[in-house]
Every structure is written in C-alpha cells, then in structure tokens.
$ cat model-v2.tsv   # TSV, C-alpha atoms
chain	number	residue	atom	x	y	z
A	1	MET	CA	40.39	1.77	141.08
A	2	THR	CA	40.78	5.10	142.83
A	3	SER	CA	39.41	5.16	146.34
A	4	LEU	CA	36.48	7.53	146.75
A	5	ARG	CA	36.39	10.02	149.61
A	6	ASN	CA	33.57	10.56	152.08
A	7	LEU	CA	31.91	13.92	151.61
A	8	GLY	CA	31.92	15.22	155.17
A	9	SER	CA	29.34	13.53	157.38
A	10	SER	CA	27.08	12.69	154.42
A	11	GLY	CA	26.65	9.25	152.94
A	12	LEU	CA	28.01	10.50	149.62
A	13	GLN	CA	31.31	9.11	148.34
A	14	VAL	CA	33.09	11.15	145.71
A	15	PHE	CA	36.09	11.01	143.40
A	16	PRO	CA	38.85	13.38	144.65
A	17	LEU	CA	38.27	15.73	141.70
A	18	ALA	CA	34.86	17.25	141.00
A	19	LEU	CA	34.34	17.99	137.31
A	20	GLY	CA	33.22	21.59	136.87
A	21	GLY	CA	30.26	21.99	134.53
A	22	ASN	CA	30.57	25.75	133.99
A	23	VAL	CA	32.02	25.25	130.48
A	24	PHE	CA	29.21	22.98	129.25
A	25	GLY	CA	27.00	24.96	126.88
A	26	TRP	CA	29.51	27.82	126.98
A	27	THR	CA	33.04	27.15	125.69
A	28	ALA	CA	32.27	23.45	125.17
A	29	ASP	CA	29.35	22.55	122.90
A	30	GLU	CA	27.19	19.49	123.58
A	31	ALA	CA	29.39	17.03	121.66
A	32	GLN	CA	32.58	18.28	123.40
A	33	SER	CA	30.80	18.24	126.76
A	34	PHE	CA	29.65	14.62	126.29
A	35	ALA	CA	33.21	13.63	125.33
A	36	VAL	CA	34.67	15.27	128.46
A	37	LEU	CA	32.01	13.70	130.70
A	38	ASP	CA	32.63	10.26	129.17
A	39	ALA	CA	36.40	10.58	129.65
A	40	TYR	CA	35.98	11.74	133.26
A	41	VAL	CA	33.81	8.73	134.10
A	42	ALA	CA	36.20	6.39	132.26
A	43	ALA	CA	38.97	7.70	134.56
A	44	GLY	CA	36.92	6.75	137.64
A	45	GLY	CA	35.20	10.09	138.17
A	46	ASN	CA	31.68	10.30	139.63
A	47	PHE	CA	31.26	13.88	140.97
A	48	ILE	CA	29.86	16.57	138.66
A	49	ASP	CA	29.41	20.18	139.78
A	50	THR	CA	27.12	22.66	138.05
A	51	ALA	CA	24.71	25.52	138.82
A	52	ASP	CA	21.40	26.79	137.49
A	53	VAL	CA	23.02	30.08	136.41
A	54	TYR	CA	25.61	28.43	134.09
A	55	SER	CA	25.93	30.10	131.60
A	56	ALA	CA	23.53	33.05	131.75
A	57	TRP	CA	26.44	35.49	131.19
A	58	VAL	CA	26.84	34.36	127.57
A	59	PRO	CA	24.88	36.45	125.03
A	60	GLY	CA	21.89	34.40	123.87
A	61	ASN	CA	21.95	32.08	126.90
A	62	GLU	CA	19.34	32.18	129.67
A	63	GLY	CA	21.05	30.10	132.35
A	64	GLY	CA	20.49	26.37	132.80
A	65	GLU	CA	22.49	25.42	129.69
A	66	SER	CA	25.01	23.38	131.69
A	67	GLU	CA	22.33	21.48	133.63
A	68	THR	CA	20.51	20.74	130.34
A	69	VAL	CA	23.66	19.29	128.75
A	70	ILE	CA	24.39	17.17	131.83
A	71	GLY	CA	20.75	15.99	131.92
A	72	ARG	CA	20.90	14.90	128.28
A	73	TRP	CA	24.19	13.10	128.92
A	74	LEU	CA	22.80	11.26	131.98
A	75	ALA	CA	19.77	10.19	129.93
A	76	ALA	CA	21.90	9.08	126.97
A	77	ARG	CA	24.29	7.06	129.17
A	78	GLY	CA	21.70	5.69	131.61
A	79	ASN	CA	24.16	6.12	134.46
A	80	ARG	CA	22.28	8.44	136.85
A	81	SER	CA	22.72	6.12	139.86
A	82	ASP	CA	26.53	6.09	139.41
A	83	ILE	CA	26.94	9.87	139.42
A	84	VAL	CA	26.93	12.34	142.33
A	85	VAL	CA	25.25	15.41	140.82
A	86	ALA	CA	25.84	18.71	142.61
A	87	THR	CA	24.09	21.89	141.54
A	88	LYS	CA	23.46	25.31	143.02
A	89	GLY	CA	20.48	27.62	143.26
A	90	GLY	CA	19.92	31.28	144.01
A	91	ALA	CA	21.76	33.04	141.17
A	92	HIS	CA	19.63	32.24	138.09
A	93	PRO	CA	18.27	35.47	136.55
A	94	GLU	CA	14.69	34.27	137.06
A	95	HIS	CA	15.25	32.79	140.54
A	96	LYS	CA	17.57	35.18	142.34
A	97	GLY	CA	18.01	35.08	146.09
A	98	LEU	CA	17.12	32.56	148.79
A	99	ALA	CA	13.54	33.28	149.81
A	100	ALA	CA	11.76	29.98	150.50
A	101	ALA	CA	9.56	30.18	147.39
A	102	THR	CA	12.61	31.01	145.23
A	103	ILE	CA	14.59	28.03	146.54
A	104	LYS	CA	11.66	25.70	145.81
A	105	ALA	CA	11.10	27.07	142.28
A	106	ALA	CA	14.83	27.03	141.42
A	107	ALA	CA	15.24	23.43	142.62
A	108	GLU	CA	12.22	22.29	140.56
A	109	GLU	CA	13.72	23.89	137.44
A	110	SER	CA	17.10	22.27	138.09
A	111	LEU	CA	15.46	18.85	138.50
A	112	ARG	CA	13.60	19.35	135.21
A	113	ARG	CA	16.72	20.35	133.26
A	114	LEU	CA	18.81	17.56	134.78
A	115	GLY	CA	16.05	15.08	133.93
A	116	THR	CA	16.22	13.51	137.38
A	117	ASP	CA	13.99	13.11	140.43
A	118	HIS	CA	16.72	14.04	142.91
A	119	ILE	CA	19.81	16.21	143.28
A	120	ASP	CA	22.57	14.57	145.33
A	121	LEU	CA	24.12	17.78	146.67
A	122	TYR	CA	22.27	21.10	146.51
A	123	TYR	CA	24.12	24.33	147.30
A	124	THR	CA	22.92	27.82	148.00
A	125	HIS	CA	25.11	29.56	145.41
A	126	PHE	CA	25.52	32.92	147.14
A	127	ASP	CA	24.25	33.68	150.62
A	128	ASP	CA	21.30	36.08	150.68
A	129	GLU	CA	21.60	38.03	153.91
A	130	THR	CA	18.17	39.62	153.40
A	131	VAL	CA	16.66	36.21	154.24
A	132	PRO	CA	16.97	34.74	157.77
A	133	VAL	CA	18.95	31.49	157.90
A	134	GLU	CA	15.89	29.89	159.53
A	135	GLU	CA	13.85	30.43	156.34
A	136	ILE	CA	16.65	29.14	154.09
A	137	ILE	CA	17.30	25.98	156.10
A	138	THR	CA	13.58	25.23	156.49
A	139	ALA	CA	13.10	25.48	152.70
A	140	LEU	CA	16.12	23.25	152.03
A	141	ASP	CA	14.94	20.76	154.68
A	142	GLN	CA	11.58	20.57	152.88
A	143	LEU	CA	13.37	19.58	149.64
A	144	VAL	CA	15.20	16.82	151.55
A	145	LYS	CA	11.98	15.59	153.17
A	146	GLU	CA	10.33	15.44	149.72
A	147	GLY	CA	13.25	13.32	148.43
A	148	LYS	CA	14.19	15.94	145.83
A	149	VAL	CA	17.57	16.67	147.43
A	150	ARG	CA	19.80	14.19	149.27
A	151	GLU	CA	22.25	16.54	150.98
A	152	ILE	CA	22.52	20.33	151.33
A	153	ALA	CA	25.53	22.63	151.18
A	154	ALA	CA	26.51	26.29	150.99
A	155	SER	CA	28.80	28.39	148.81
A	156	ASN	CA	29.99	31.98	149.26
A	157	ILE	CA	28.84	32.33	152.87
A	158	SER	CA	30.37	34.04	155.91
A	159	ALA	CA	31.55	32.04	158.91
A	160	GLU	CA	28.95	33.80	161.04
A	161	ARG	CA	26.00	32.89	158.80
A	162	LEU	CA	27.33	29.36	158.37
A	163	ARG	CA	27.47	28.89	162.16
A	164	ALA	CA	23.96	30.32	162.56
A	165	SER	CA	22.66	27.92	159.88
A	166	LEU	CA	24.30	24.88	161.49
A	167	ASP	CA	23.06	25.87	164.96
A	168	PHE	CA	19.48	26.21	163.69
A	169	SER	CA	19.63	22.82	161.95
A	170	GLU	CA	20.93	21.18	165.15
A	171	ARG	CA	18.39	22.90	167.38
A	172	GLU	CA	15.38	22.06	165.20
A	173	GLY	CA	16.56	18.65	163.97
A	174	LEU	CA	16.47	19.78	160.33
A	175	ALA	CA	18.75	18.95	157.38
A	176	ARG	CA	22.18	20.48	157.92
A	177	TYR	CA	24.91	21.54	155.56
A	178	VAL	CA	27.46	18.78	154.88
A	179	ALA	CA	29.72	20.70	152.52
A	180	LEU	CA	30.99	24.13	151.66
A	181	GLN	CA	32.16	25.46	148.30
A	182	PRO	CA	34.74	28.19	148.95
A	183	HIS	CA	37.04	30.13	146.62
A	184	TYR	CA	40.35	28.47	147.51
A	185	ASN	CA	43.63	27.66	145.74
A	186	LEU	CA	47.40	28.07	146.07
A	187	VAL	CA	47.30	31.78	145.20
A	188	SER	CA	43.99	32.59	146.97
A	189	ARG	CA	44.08	31.29	150.51
A	190	ASP	CA	42.78	34.23	152.52
A	191	THR	CA	39.06	33.82	151.71
A	192	TYR	CA	38.84	30.34	153.20
A	193	GLU	CA	41.68	29.81	155.66
A	194	GLY	CA	40.92	31.12	159.12
A	195	GLU	CA	37.44	31.45	160.59
A	196	LEU	CA	35.53	29.82	157.73
A	197	GLN	CA	37.82	26.79	157.55
A	198	ASP	CA	37.78	26.47	161.35
A	199	THR	CA	33.97	26.52	161.35
A	200	ALA	CA	33.87	23.85	158.62
A	201	ALA	CA	36.39	21.66	160.45
A	202	ARG	CA	34.54	21.87	163.78
A	203	ALA	CA	31.24	20.98	162.10
A	204	GLY	CA	32.73	18.13	160.04
A	205	LEU	CA	31.93	19.85	156.72
A	206	ALA	CA	33.73	18.91	153.52
A	207	ALA	CA	35.19	21.69	151.38
A	208	VAL	CA	34.80	21.46	147.60
A	209	PRO	CA	36.85	24.47	146.42
A	210	TYR	CA	36.06	26.37	143.22
A	211	TYR	CA	38.67	28.25	141.13
A	212	ALA	CA	40.96	25.40	142.24
A	213	LEU	CA	43.36	26.28	139.39
A	214	ALA	CA	42.94	30.08	139.71
A	215	SER	CA	41.20	30.47	136.32
A	216	GLY	CA	43.97	28.42	134.70
A	217	PHE	CA	46.96	30.23	136.22
A	218	LEU	CA	47.92	27.12	138.20
A	219	THR	CA	48.18	25.02	135.03
A	220	GLY	CA	51.47	26.80	134.37
A	221	LYS	CA	50.46	27.97	130.88
A	222	TYR	CA	50.51	31.64	131.88
A	223	ARG	CA	54.12	32.84	131.87
A	224	PRO	CA	55.72	36.25	131.29
A	225	GLY	CA	55.35	37.03	127.58
A	226	ALA	CA	53.03	34.10	126.85
A	227	VAL	CA	49.77	34.76	125.01
A	228	VAL	CA	46.97	32.36	125.92
A	229	ASP	CA	43.73	32.15	123.97
A	230	SER	CA	41.20	31.58	126.74
A	231	ALA	CA	38.00	33.18	128.00
A	232	ARG	CA	39.76	33.47	131.37
A	233	ALA	CA	43.16	34.81	130.26
A	234	GLN	CA	42.60	38.19	131.89
A	235	SER	CA	41.70	36.85	135.34
A	236	ALA	CA	44.53	34.30	135.26
A	237	GLY	CA	47.09	36.86	134.09
A	238	GLN	CA	46.68	39.02	137.19
A	239	TYR	CA	48.45	36.40	139.34
A	240	LEU	CA	51.60	36.67	137.21
A	241	GLU	CA	52.13	40.21	138.41
A	242	SER	CA	52.31	39.25	142.07
A	243	GLU	CA	55.39	38.00	143.90
A	244	ARG	CA	53.27	35.23	145.42
A	245	GLY	CA	52.21	34.05	141.95
A	246	GLN	CA	55.82	33.83	140.75
A	247	LYS	CA	56.99	32.00	143.88
A	248	VAL	CA	54.14	29.52	143.57
A	249	LEU	CA	54.94	28.80	139.91
A	250	ALA	CA	58.59	28.19	140.77
A	251	ALA	CA	57.65	25.74	143.55
A	252	LEU	CA	55.10	24.00	141.29
A	253	ASP	CA	57.73	23.64	138.55
A	254	ARG	CA	60.16	21.95	140.92
A	255	VAL	CA	57.65	19.58	142.52
A	256	ALA	CA	56.09	18.69	139.16
A	257	GLN	CA	59.52	17.86	137.71
A	258	GLU	CA	60.37	15.66	140.68
A	259	HIS	CA	57.15	13.64	140.28
A	260	ASP	CA	57.11	13.76	136.47
A	261	ALA	CA	53.64	15.28	136.84
A	262	GLN	CA	51.75	18.15	135.25
A	263	ILE	CA	51.77	21.45	137.13
A	264	ALA	CA	47.96	21.46	137.34
A	265	THR	CA	48.03	18.01	138.95
A	266	VAL	CA	50.43	19.23	141.65
A	267	ALA	CA	48.35	22.34	142.36
A	268	LEU	CA	45.23	20.19	142.76
A	269	ALA	CA	47.08	17.64	144.92
A	270	TRP	CA	48.18	20.42	147.30
A	271	LEU	CA	44.57	21.56	147.58
A	272	ALA	CA	43.26	18.01	148.04
A	273	SER	CA	45.70	17.57	150.95
A	274	ARG	CA	44.43	20.61	152.88
A	275	PRO	CA	42.34	20.19	156.02
A	276	THR	CA	38.59	19.72	155.29
A	277	VAL	CA	39.05	19.49	151.47
A	278	ALA	CA	37.30	16.48	149.94
A	279	ALA	CA	37.58	17.32	146.24
A	280	PRO	CA	38.69	20.43	144.37
A	281	ILE	CA	36.61	21.45	141.35
A	282	ALA	CA	38.23	21.88	137.94
A	283	SER	CA	36.71	22.05	134.49
A	284	ALA	CA	37.93	20.81	131.12
A	285	ARG	CA	36.79	22.23	127.80
A	286	THR	CA	38.43	19.41	125.84
A	287	VAL	CA	39.27	15.77	126.51
A	288	GLU	CA	42.98	16.68	126.18
A	289	GLN	CA	42.76	18.89	129.29
A	290	LEU	CA	41.32	16.13	131.46
A	291	PRO	CA	44.25	13.76	132.22
A	292	ALA	CA	46.15	16.40	134.22
A	293	LEU	CA	43.05	16.94	136.37
A	294	VAL	CA	42.05	13.34	137.14
A	295	ALA	CA	45.70	12.44	137.83
A	296	VAL	CA	45.26	14.15	141.22
A	297	ALA	CA	43.71	10.88	142.40
A	298	ASP	CA	47.05	9.07	142.04
A	299	LEU	CA	49.62	11.73	142.95
A	300	ALA	CA	51.02	11.45	146.48
A	301	LEU	CA	53.02	14.55	147.44
A	302	THR	CA	55.61	14.26	150.22
A	303	GLU	CA	55.51	16.32	153.41
A	304	GLN	CA	58.46	18.27	152.02
A	305	ASP	CA	56.60	19.00	148.74
A	306	LEU	CA	53.56	20.21	150.63
A	307	ALA	CA	55.64	22.37	152.98
A	308	GLU	CA	57.44	23.97	150.02
A	309	LEU	CA	54.19	24.77	148.21
A	310	THR	CA	52.54	26.06	151.36
A	311	GLY	CA	55.56	28.24	152.08
A	312	ALA	CA	55.71	29.65	148.56
A	313	SER	CA	52.04	30.57	148.69
A	314	ALA	CA	52.10	32.16	152.16
$ encode --input "model-v2.tsv" --output "structure tokens"
Amino acid sequence: MTSLRNLGSSGLQVFPLALGGNVFGWTADEAQSFAVLDAYVAAGGNFIDTADVYSAWVPGNEGGESETVIGRWLAARGNRSDIVVATKGGAHPEHKGLAAATIKAAAEESLRRLGTDHIDLYYTHFDDETVPVEEIITALDQLVKEGKVREIAASNISAERLRASLDFSEREGLARYVALQPHYNLVSRDTYEGELQDTAARAGLAAVPYYALASGFLTGKYRPGAVVDSARAQSAGQYLESERGQKVLAALDRVAQEHDAQIATVALAWLASRPTVAAPIASARTVEQLPALVAVADLALTEQDLAELTGASA
C-alpha cells in the first residue's frame, strides 16, 4: 500500500498524485469518468481535484459538469469518507470573483453538485484583488465554522496577497490556507519557484501543482513531426519549439529508460520531489492513461536523476 502524504499542516492525508477532474463531463463522458475514477481508487488513490467552472468553456456546458459527475460517482460507490475531495470557487460564470456572498453561494452550489455535506479542501480558484483578503478569509472561515469546508487553500495568487492572507488568519485566529495550487512543471518553473515557493515553505503550505505534465508535453508523445489528436495539442506543442523543452525531453528519455518507467511518471516524480510539493495533479481521459500517472507513487529517482532533470529544465 502506497504511503499517503500529509497535506501541509492540515490533518488531510493524500495519495502522491491528485486526479484532475477537468476532463470529466468534457473529453470523458460519465461512463469513462467512472471507469477512470474506479481505476484510480483501485491503485490506492484518494485525492480528487475539480472546480465549479469545469467545464463551462465547452459549448452547451454551464460549468459544474465535473463536480456533478464526481458527485454521482461518490453516491454510486458509497465511498465519500475514503476520498479527499478538493474543489475551487470563484470562476464559475454565475459566481465570479471572491466577494463574501459569492464565495458562500459558490460553495453551496459545489456541495449540492458533489452531493456531500462537506468539501475537504476548498480553493479560491483565482485571486480577486478587488476584494480585501480580510473579506475573503472571513468568508472562508465561516464555511469552516459551519462544517461545510474542512481546509482552505488558494490557487493563482501572488506571494504578497498570500502573505497578507496568512498574516490576517494568524492575527485573528481564523482558518488559514494549508495548500497552494500553482502552475508548476519541468518546463514552467518561473511562476512558482522564488518568492511564492519561499512563502509557502515558510508557512508550511503544501503545493499541489496544476499543468504538472504541461498539457501533455511531458508525457513524451509530442515530438518533432508527430501529430497528436488532443484538445490540448496546441498548448503542448509550443514547448517543442524551445531549447528548454528539447533538453527536458532528452533528460526524461534517459532517466525513464534507466528506470524502465514511462516519461510521464518521471516528470511527475521530479515534481513530487520538489520542496513543498505534496501531490502533482494530472488527469486521465481513459483508463489506459492512468497507470503512468499513479506509478509516481512507487518511482524513486536518484539524486543524480533529479540533478540531471533540474539542470535540463533550468
């Protein structure tokens, strides 16, 4: 049995790979989604990441499709107490921003769609700098006091606003962020490393990085001349054109060969080894894509492997 990791200073214990729910109700229909969720849990997984806005960008969708699928799955399997459910608020077309009333309304809608009385980890999806951090934290603290949310977290926030939020929580004795969801992977290190990572480390926050596989680029399927049929092919393809992208692929190829592992597994293992990171997020549209992701739990990279990957991605 894979050992679970502590999520920062919270009481939550999570599998070292969070399953991204962005594809549920988008590129994976309900039957495919249930199959992926079942396979993830069968592999020891317990940490599911979604958001109220998934997948409002799809014509005909309103947002909330992913949460609805996950809610139906939890009800069908009767396993709510075994799963750490993380969702995010603030970006749904009908509940945009982080005013106190918006946070409350968005959380209630998420609870309804997920068919649960509590959310284990609730993120502000995008910081809303028009709202003082005091108002945001007070609203989130209220959800915790009401038992609707167990732990709170932030995504897409500046180091300055994160510090101000943590200071206010400390000063007033209110719920405080335990985790951070940054954009972070082998070919995108600049957004997180530096001031934001330092702030997280000092405060004992866990990082749960999104785009952990750079829209699929770090699976190794995007190569010069290769045509990939994916909704994300365009965003993944951009990394091929950079020198950093090519160096990273070469290093991944070598390390993967040495460990007889998939390239995606190595990319996730590098991320999982970084300071503050508790569990990278990756999504699978099909059951076949899942083994390479969950294998991160059992892949131990050497110091030399890590140094080579870090060097290639510098």
$ atom_distance --input "model-v2.tsv" --atom1 "atom CA of Ala314 of chain A" --atom2 "atom CA of Ala203 of chain A"
25.7 Å
$ residues_around --input "model-v2.tsv" --residues "segment 254-269 of chain A" --least-positions-apart "3" --cutoff "10 Å" --atoms "only C-alpha atoms" --output "ChimeraX atom specification"
/A:16-17,185-187,212-214,216-221,248-251,272-274,279-282,289,291-302,304-306,308-309
$ residues_around --input "model-v2.tsv" --residues "segment 77-81 of chain A" --least-positions-apart "5" --cutoff "12 Å" --atoms "only C-alpha atoms" --output "number ranges by chain"
A: 12, 34-35, 37-38, 41, 46-48, 70-72, 114-120
$ residues_around --input "model-v2.tsv" --residues "Leu196 of chain A" --least-positions-apart "4" --cutoff "10 Å" --atoms "all atoms listed in the file" --output "PyMOL selection string"
chain A and resi 157-160+162-163+180+182+190-192+200-201
$ atom_distance --input "model-v2.tsv" --atom1 "atom CA of Leu98 of chain A" --atom2 "atom CA of Ala139 of chain A"
9.0 Å
$ atom_distance --input "model-v2.tsv" --atom1 "atom CA of Tyr222 of chain A" --atom2 "atom CA of Gln181 of chain A"
25.4 Å
$ residues_near_point --input "model-v2.tsv" --point "(18.6, 29.2, 134.4)" --cutoff "7 Å" --atoms "all atoms listed in the file" --output "number ranges by chain"
A: 52-53, 56, 62-64, 92-94
$ write_last_selection --input "model-v2.tsv" --atoms "C-alpha atoms" --output "PDB file, keeping the file's coordinate frame"
ATOM      1  CA  ASP A  52      21.400  26.790 137.490  1.00  0.00           C
ATOM      2  CA  VAL A  53      23.020  30.080 136.410  1.00  0.00           C
ATOM      3  CA  ALA A  56      23.530  33.050 131.750  1.00  0.00           C
ATOM      4  CA  GLU A  62      19.340  32.180 129.670  1.00  0.00           C
ATOM      5  CA  GLY A  63      21.050  30.100 132.350  1.00  0.00           C
ATOM      6  CA  GLY A  64      20.490  26.370 132.800  1.00  0.00           C
ATOM      7  CA  HIS A  92      19.630  32.240 138.090  1.00  0.00           C
ATOM      8  CA  PRO A  93      18.270  35.470 136.550  1.00  0.00           C
ATOM      9  CA  GLU A  94      14.690  34.270 137.060  1.00  0.00           C
TER      10      GLU A  94
END
$ closest_atom_pairs --input "model-v2.tsv" --of "segment 148-245 of chain A" --to "segment 125-137 of chain A" --cutoff "8 Å" --atoms "only C-alpha atoms" --output "CSV"
residue,atom,partner,partner_atom,distance
A:Ala154,CA,A:His125,CA,6.6
A:Ser155,CA,A:His125,CA,5.2
A:Asn156,CA,A:Phe126,CA,5.0
A:Ile157,CA,A:Asp127,CA,5.3
A:Arg161,CA,A:Val133,CA,7.2
A:Ala164,CA,A:Val133,CA,6.9
A:Ser165,CA,A:Val133,CA,5.5
A:Phe168,CA,A:Glu134,CA,6.6
A:Ser169,CA,A:Ile137,CA,7.0
A:Leu174,CA,A:Ile137,CA,7.6
A:Ala175,CA,A:Ile137,CA,7.3
A:Arg176,CA,A:Ile137,CA,7.6
$ closest_residue --input "model-v2.tsv" --among "A:Ser242, A:Thr276, A:Thr138, A:Thr68" --to "Ser9 of chain A" --atoms "only C-alpha atoms"
A:Thr276
$ closest_residue --input "model-v2.tsv" --among "A:Ser110, A:Ser66, A:Gln238, A:Ser55" --to "Ser33 of chain A" --atoms "only C-alpha atoms"
A:Ser66
$ residues_around --input "model-v2.tsv" --residues "Ala51 of chain A" --least-positions-apart "6" --cutoff "8 Å" --atoms "only C-alpha atoms" --output "ChimeraX atom specification"
/A:21-22,64,66-67,86-89,125
$ residues_around --input "model-v2.tsv" --residues "Leu7 of chain A" --least-positions-apart "5" --cutoff "7 Å" --atoms "only C-alpha atoms" --output "PyMOL selection string"
chain A and resi 12-14+206+278
$ closest_residue --input "model-v2.tsv" --among "A:Leu290, A:Ala99, A:Val178, A:Ala31" --to "Gly11 of chain A" --atoms "only C-alpha atoms"
A:Val178
$ closest_residue --input "model-v2.tsv" --among "A:Gly45, A:Pro224, A:Gly20, A:Gly245" --to "Ser283 of chain A" --atoms "all atoms listed in the file"
A:Gly20
$ closest_residue --input "model-v2.tsv" --among "A:Ala233, A:Leu143, A:Ala18, A:Val36" --to "Trp73 of chain A" --atoms "only C-alpha atoms"
A:Val36
$ decode --input "model-v2.tsv" --residues "segment 17-33 of chain A" --atoms "N, CA, C and O atoms" --output "mmCIF file, in the first residue's frame"
data_model
loop_
_atom_site.group_PDB
_atom_site.id
_atom_site.type_symbol
_atom_site.label_atom_id
_atom_site.label_comp_id
_atom_site.auth_asym_id
_atom_site.auth_seq_id
_atom_site.Cartn_x
_atom_site.Cartn_y
_atom_site.Cartn_z
ATOM 1 N N LEU A 17 -0.458 11.547 -6.007
ATOM 2 C CA LEU A 17 -0.929 12.083 -7.281
ATOM 3 C C LEU A 17 -2.405 12.437 -7.113
ATOM 4 O O LEU A 17 -3.215 11.580 -6.766
ATOM 5 N N ALA A 18 -2.725 13.719 -7.345
ATOM 6 C CA ALA A 18 -4.129 14.136 -7.319
ATOM 7 C C ALA A 18 -4.705 13.912 -8.714
ATOM 8 O O ALA A 18 -4.086 14.282 -9.717
ATOM 9 N N LEU A 19 -5.877 13.299 -8.772
ATOM 10 C CA LEU A 19 -6.511 13.045 -10.067
ATOM 11 C C LEU A 19 -7.293 14.281 -10.492
ATOM 12 O O LEU A 19 -8.225 14.704 -9.803
ATOM 13 N N GLY A 20 -6.899 14.857 -11.624
ATOM 14 C CA GLY A 20 -7.557 16.057 -12.124
ATOM 15 C C GLY A 20 -8.919 15.738 -12.718
ATOM 16 O O GLY A 20 -9.050 14.829 -13.541
ATOM 17 N N GLY A 21 -9.928 16.490 -12.303
ATOM 18 C CA GLY A 21 -11.284 16.239 -12.772
ATOM 19 C C GLY A 21 -11.729 17.117 -13.920
ATOM 20 O O GLY A 21 -12.898 17.111 -14.301
ATOM 21 N N ASN A 22 -10.787 17.883 -14.505
ATOM 22 C CA ASN A 22 -11.178 18.823 -15.571
ATOM 23 C C ASN A 22 -11.745 18.132 -16.806
ATOM 24 O O ASN A 22 -12.541 18.708 -17.541
ATOM 25 N N VAL A 23 -11.375 16.868 -17.041
ATOM 26 C CA VAL A 23 -11.841 16.154 -18.238
ATOM 27 C C VAL A 23 -13.237 15.536 -18.058
ATOM 28 O O VAL A 23 -13.889 15.213 -19.046
ATOM 29 N N PHE A 24 -13.672 15.388 -16.808
ATOM 30 C CA PHE A 24 -14.963 14.738 -16.552
ATOM 31 C C PHE A 24 -16.100 15.636 -17.040
ATOM 32 O O PHE A 24 -16.209 16.785 -16.625
ATOM 33 N N GLY A 25 -16.932 15.084 -17.917
ATOM 34 C CA GLY A 25 -18.011 15.893 -18.485
ATOM 35 C C GLY A 25 -17.546 16.776 -19.623
ATOM 36 O O GLY A 25 -18.292 17.620 -20.117
ATOM 37 N N TRP A 26 -16.282 16.573 -20.039
ATOM 38 C CA TRP A 26 -15.731 17.315 -21.182
ATOM 39 C C TRP A 26 -15.243 16.295 -22.202
ATOM 40 O O TRP A 26 -15.998 15.829 -23.031
ATOM 41 N N THR A 27 -13.982 15.878 -22.118
ATOM 42 C CA THR A 27 -13.465 14.887 -23.071
ATOM 43 C C THR A 27 -13.700 13.460 -22.594
ATOM 44 O O THR A 27 -13.441 12.514 -23.322
ATOM 45 N N ALA A 28 -14.149 13.306 -21.356
ATOM 46 C CA ALA A 28 -14.536 11.979 -20.847
ATOM 47 C C ALA A 28 -16.003 12.040 -20.452
ATOM 48 O O ALA A 28 -16.385 12.891 -19.642
ATOM 49 N N ASP A 29 -16.830 11.164 -21.031
ATOM 50 C CA ASP A 29 -18.245 11.155 -20.654
ATOM 51 C C ASP A 29 -18.397 10.475 -19.290
ATOM 52 O O ASP A 29 -17.407 10.058 -18.676
ATOM 53 N N GLU A 30 -19.629 10.362 -18.810
ATOM 54 C CA GLU A 30 -19.820 9.848 -17.452
ATOM 55 C C GLU A 30 -19.291 8.422 -17.274
ATOM 56 O O GLU A 30 -18.638 8.115 -16.273
ATOM 57 N N ALA A 31 -19.546 7.560 -18.251
ATOM 58 C CA ALA A 31 -19.083 6.163 -18.139
ATOM 59 C C ALA A 31 -17.552 6.097 -18.098
ATOM 60 O O ALA A 31 -16.965 5.382 -17.273
ATOM 61 N N GLN A 32 -16.891 6.861 -18.984
ATOM 62 C CA GLN A 32 -15.411 6.899 -18.996
ATOM 63 C C GLN A 32 -14.893 7.477 -17.687
ATOM 64 O O GLN A 32 -13.907 6.995 -17.119
ATOM 65 N N SER A 33 -15.549 8.532 -17.215
ATOM 66 C CA SER A 33 -15.123 9.181 -15.975
ATOM 67 C C SER A 33 -15.207 8.219 -14.797
ATOM 68 O O SER A 33 -14.276 8.121 -13.993
#
